[in-house]
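> Sharing data.pdb, PDB, C-alpha atoms:
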ATOM      1  CA  MET A1291       4.376 -10.852 -22.742  1.00  0.00           C
ATOM      2  CA  ASP A1292       7.673  -9.242 -23.615  1.00  0.00           C
ATOM      3  CA  LYS A1293       9.134  -6.124 -22.066  1.00  0.00           C
ATOM      4  CA  TYR A1294       8.044  -3.858 -24.932  1.00  0.00           C
ATOM      5  CA  GLU A1295       4.405  -4.956 -24.694  1.00  0.00           C
ATOM      6  CA  TYR A1296       4.491  -4.585 -20.895  1.00  0.00           C
ATOM      7  CA  ASN A1297       5.869  -1.037 -21.117  1.00  0.00           C
ATOM      8  CA  LEU A1298       3.313  -0.138 -23.786  1.00  0.00           C
ATOM      9  CA  LYS A1299       0.456  -1.325 -21.566  1.00  0.00           C
ATOM     10  CA  LEU A1300       1.842   0.560 -18.563  1.00  0.00           C
ATOM     11  CA  ASP A1301       2.029   3.762 -20.614  1.00  0.00           C
ATOM     12  CA  GLN A1302      -1.555   3.269 -21.799  1.00  0.00           C
ATOM     13  CA  MET A1303      -2.735   2.713 -18.228  1.00  0.00           C
ATOM     14  CA  LYS A1304      -0.868   5.803 -17.038  1.00  0.00           C
ATOM     15  CA  ALA A1305      -2.482   7.952 -19.747  1.00  0.00           C
ATOM     16  CA  LEU A1306      -5.959   6.594 -19.003  1.00  0.00           C
ATOM     17  CA  VAL A1307      -5.573   7.278 -15.285  1.00  0.00           C
ATOM     18  CA  ALA A1308      -4.525  10.854 -16.077  1.00  0.00           C
ATOM     19  CA  GLU A1309      -7.757  11.217 -18.089  1.00  0.00           C
ATOM     20  CA  GLY A1310      -9.784   9.634 -15.282  1.00  0.00           C
ATOM     21  CA  ASP A1311     -10.803   6.569 -17.321  1.00  0.00           C
ATOM     22  CA  TYR A1312     -10.213   3.946 -14.648  1.00  0.00           C
ATOM     23  CA  LEU A1313     -12.546   1.370 -16.183  1.00  0.00           C
ATOM     24  CA  THR A1314     -10.531   1.098 -19.406  1.00  0.00           C
ATOM     25  CA  ALA A1315      -7.287   1.154 -17.412  1.00  0.00           C
ATOM     26  CA  ALA A1316      -8.591  -1.776 -15.346  1.00  0.00           C
ATOM     27  CA  THR A1317      -9.403  -3.669 -18.542  1.00  0.00           C
ATOM     28  CA  ILE A1318      -5.799  -3.237 -19.691  1.00  0.00           C
ATOM     29  CA  ALA A1319      -4.541  -4.181 -16.222  1.00  0.00           C
ATOM     30  CA  ASP A1320      -6.484  -7.449 -16.473  1.00  0.00           C
ATOM     31  CA  THR A1321      -4.254  -8.520 -19.372  1.00  0.00           C
ATOM     32  CA  ILE A1322      -1.069  -8.326 -17.274  1.00  0.00           C
ATOM     33  CA  ASN A1323       0.144 -11.185 -15.069  1.00  0.00           C
ATOM     34  CA  TRP A1324       0.948  -9.138 -11.968  1.00  0.00           C
ATOM     35  CA  ARG A1325       2.624 -12.042 -10.177  1.00  0.00           C
ATOM     36  CA  LYS A1326       5.598 -11.750 -12.545  1.00  0.00           C
ATOM     37  CA  ILE A1327       5.992  -7.980 -12.126  1.00  0.00           C
ATOM     38  CA  LYS A1328       8.692  -6.776  -9.744  1.00  0.00           C
ATOM     39  CA  ASN A1329       8.168  -3.026 -10.288  1.00  0.00           C
ATOM     40  CA  VAL A1330       6.606  -1.740  -7.052  1.00  0.00           C
ATOM     41  CA  THR A1331       5.375   1.488  -8.660  1.00  0.00           C
ATOM     42  CA  ALA A1332       3.485  -0.450 -11.337  1.00  0.00           C
ATOM     43  CA  LEU A1333       1.958  -2.741  -8.724  1.00  0.00           C
ATOM     44  CA  VAL A1334       0.795   0.200  -6.611  1.00  0.00           C
ATOM     45  CA  ARG A1335      -0.683   1.917  -9.683  1.00  0.00           C
ATOM     46  CA  ALA A1336      -2.569  -1.266 -10.620  1.00  0.00           C
ATOM     47  CA  GLY A1337      -3.853  -1.585  -7.059  1.00  0.00           C
ATOM     48  CA  GLU A1338      -5.115   1.986  -7.139  1.00  0.00           C
ATOM     49  CA  ILE A1339      -6.828   1.410 -10.493  1.00  0.00           C
ATOM     50  CA  TYR A1340      -8.643  -1.646  -9.177  1.00  0.00           C
ATOM     51  CA  GLU A1341      -9.611   0.283  -6.048  1.00  0.00           C
ATOM     52  CA  GLN A1342     -11.133   3.100  -8.111  1.00  0.00           C
ATOM     53  CA  VAL A1343     -13.388   0.683 -10.024  1.00  0.00           C
ATOM     54  CA  GLY A1344     -14.504  -1.077  -6.828  1.00  0.00           C
ATOM     55  CA  ARG A1345     -12.539  -4.308  -7.235  1.00  0.00           C
ATOM     56  CA  TYR A1346     -11.196  -4.238  -3.700  1.00  0.00           C
ATOM     57  CA  GLY A1347     -10.160  -7.888  -3.461  1.00  0.00           C
ATOM     58  CA  GLU A1348      -7.894  -7.649  -6.497  1.00  0.00           C
ATOM     59  CA  SER A1349      -6.610  -4.294  -5.290  1.00  0.00           C
ATOM     60  CA  ARG A1350      -5.657  -5.737  -1.906  1.00  0.00           C
ATOM     61  CA  GLU A1351      -3.967  -8.749  -3.479  1.00  0.00           C
ATOM     62  CA  ILE A1352      -1.801  -6.612  -5.796  1.00  0.00           C
ATOM     63  CA  LEU A1353      -0.950  -4.096  -3.066  1.00  0.00           C
ATOM     64  CA  LEU A1354       0.182  -6.939  -0.818  1.00  0.00           C
ATOM     65  CA  MET A1355       2.513  -8.105  -3.591  1.00  0.00           C
ATOM     66  CA  ALA A1356       4.000  -4.600  -3.711  1.00  0.00           C
TER      67      ALA A1356
END
Starting from the file, give its structure as structure tokens.


Amino acid sequence: MDKYEYNLKLDQMKALVAEGDYLTAATIADTINWRKIKNVTALVRAGEIYEQVGRYGESREILLMA
């Protein structure tokens, strides 16, 4: 995934969270390899998205990376 595609997905996730659609945001988050991401804000946002949909294990793992 290149930088443009990554930024596009982050913007989509941000918009979905603002609308309260965490399930769709989590689906988009599943397409990102979070182990390669160094942006702490993006990692925290992904962790919060996973937490909202009840995927606590994935949330914990991403928040620990942050």

> Given the PyMOL selection byres ((chain A and resi 1305-1321) around 8) and the file above, list the residues it selects as a list in words.

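Listing what the PyMOL selection byres ((chain A and resi 1305-1321) around 8) selects in the shown file: Lys1299, Asp1301, Gln1302, Met1303, Lys1304, Ile1322, Asn1323, Ala1336, Ile1339, Tyr1340, Gln1342 and Val1343 of chain A.
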
> Calculated over only C-alpha atoms, which of the candidates A:Ala1356, A:Leu1300, A:Asp1292, A:Arg1345 has the smallest distance to A:Asn1329?

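Looking only at the distances to A:Asn1329, the closest residue turns out to be A:Ala1356.
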
> As a check of understanding, name the residues that the PyMOL selection byres ((chain A and resi 1355) around 12) selects in the supplied structure, as a PDB file with C-alpha atoms, in the coordinates of the input.


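For reference, expr.pdb as written:
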ATOM      1  CA  TRP A1324       0.948  -9.138 -11.968  1.00  0.00           C
ATOM      2  CA  ARG A1325       2.624 -12.042 -10.177  1.00  0.00           C
ATOM      3  CA  LYS A1326       5.598 -11.750 -12.545  1.00  0.00           C
ATOM      4  CA  ILE A1327       5.992  -7.980 -12.126  1.00  0.00           C
ATOM      5  CA  LYS A1328       8.692  -6.776  -9.744  1.00  0.00           C
ATOM      6  CA  ASN A1329       8.168  -3.026 -10.288  1.00  0.00           C
ATOM      7  CA  VAL A1330       6.606  -1.740  -7.052  1.00  0.00           C
ATOM      8  CA  THR A1331       5.375   1.488  -8.660  1.00  0.00           C
ATOM      9  CA  ALA A1332       3.485  -0.450 -11.337  1.00  0.00           C
ATOM     10  CA  LEU A1333       1.958  -2.741  -8.724  1.00  0.00           C
ATOM     11  CA  VAL A1334       0.795   0.200  -6.611  1.00  0.00           C
ATOM     12  CA  ALA A1336      -2.569  -1.266 -10.620  1.00  0.00           C
ATOM     13  CA  GLY A1337      -3.853  -1.585  -7.059  1.00  0.00           C
ATOM     14  CA  GLU A1348      -7.894  -7.649  -6.497  1.00  0.00           C
ATOM     15  CA  SER A1349      -6.610  -4.294  -5.290  1.00  0.00           C
ATOM     16  CA  ARG A1350      -5.657  -5.737  -1.906  1.00  0.00           C
ATOM     17  CA  GLU A1351      -3.967  -8.749  -3.479  1.00  0.00           C
ATOM     18  CA  ILE A1352      -1.801  -6.612  -5.796  1.00  0.00           C
ATOM     19  CA  LEU A1353      -0.950  -4.096  -3.066  1.00  0.00           C
ATOM     20  CA  LEU A1354       0.182  -6.939  -0.818  1.00  0.00           C
ATOM     21  CA  ALA A1356       4.000  -4.600  -3.711  1.00  0.00           C
TER      22      ALA A1356
END

> Stretch 1317-1328 of chain A, all listed atoms, 8 Å padding on each side: what axis-aligned box centre and edge lengths in Å to one decimal come out, as lines of an AutoDock Vina configuration file?


center_x = -0.4
center_y = -7.6
center_z = -14.7
size_x = 34.1
size_y = 24.8
size_z = 25.9
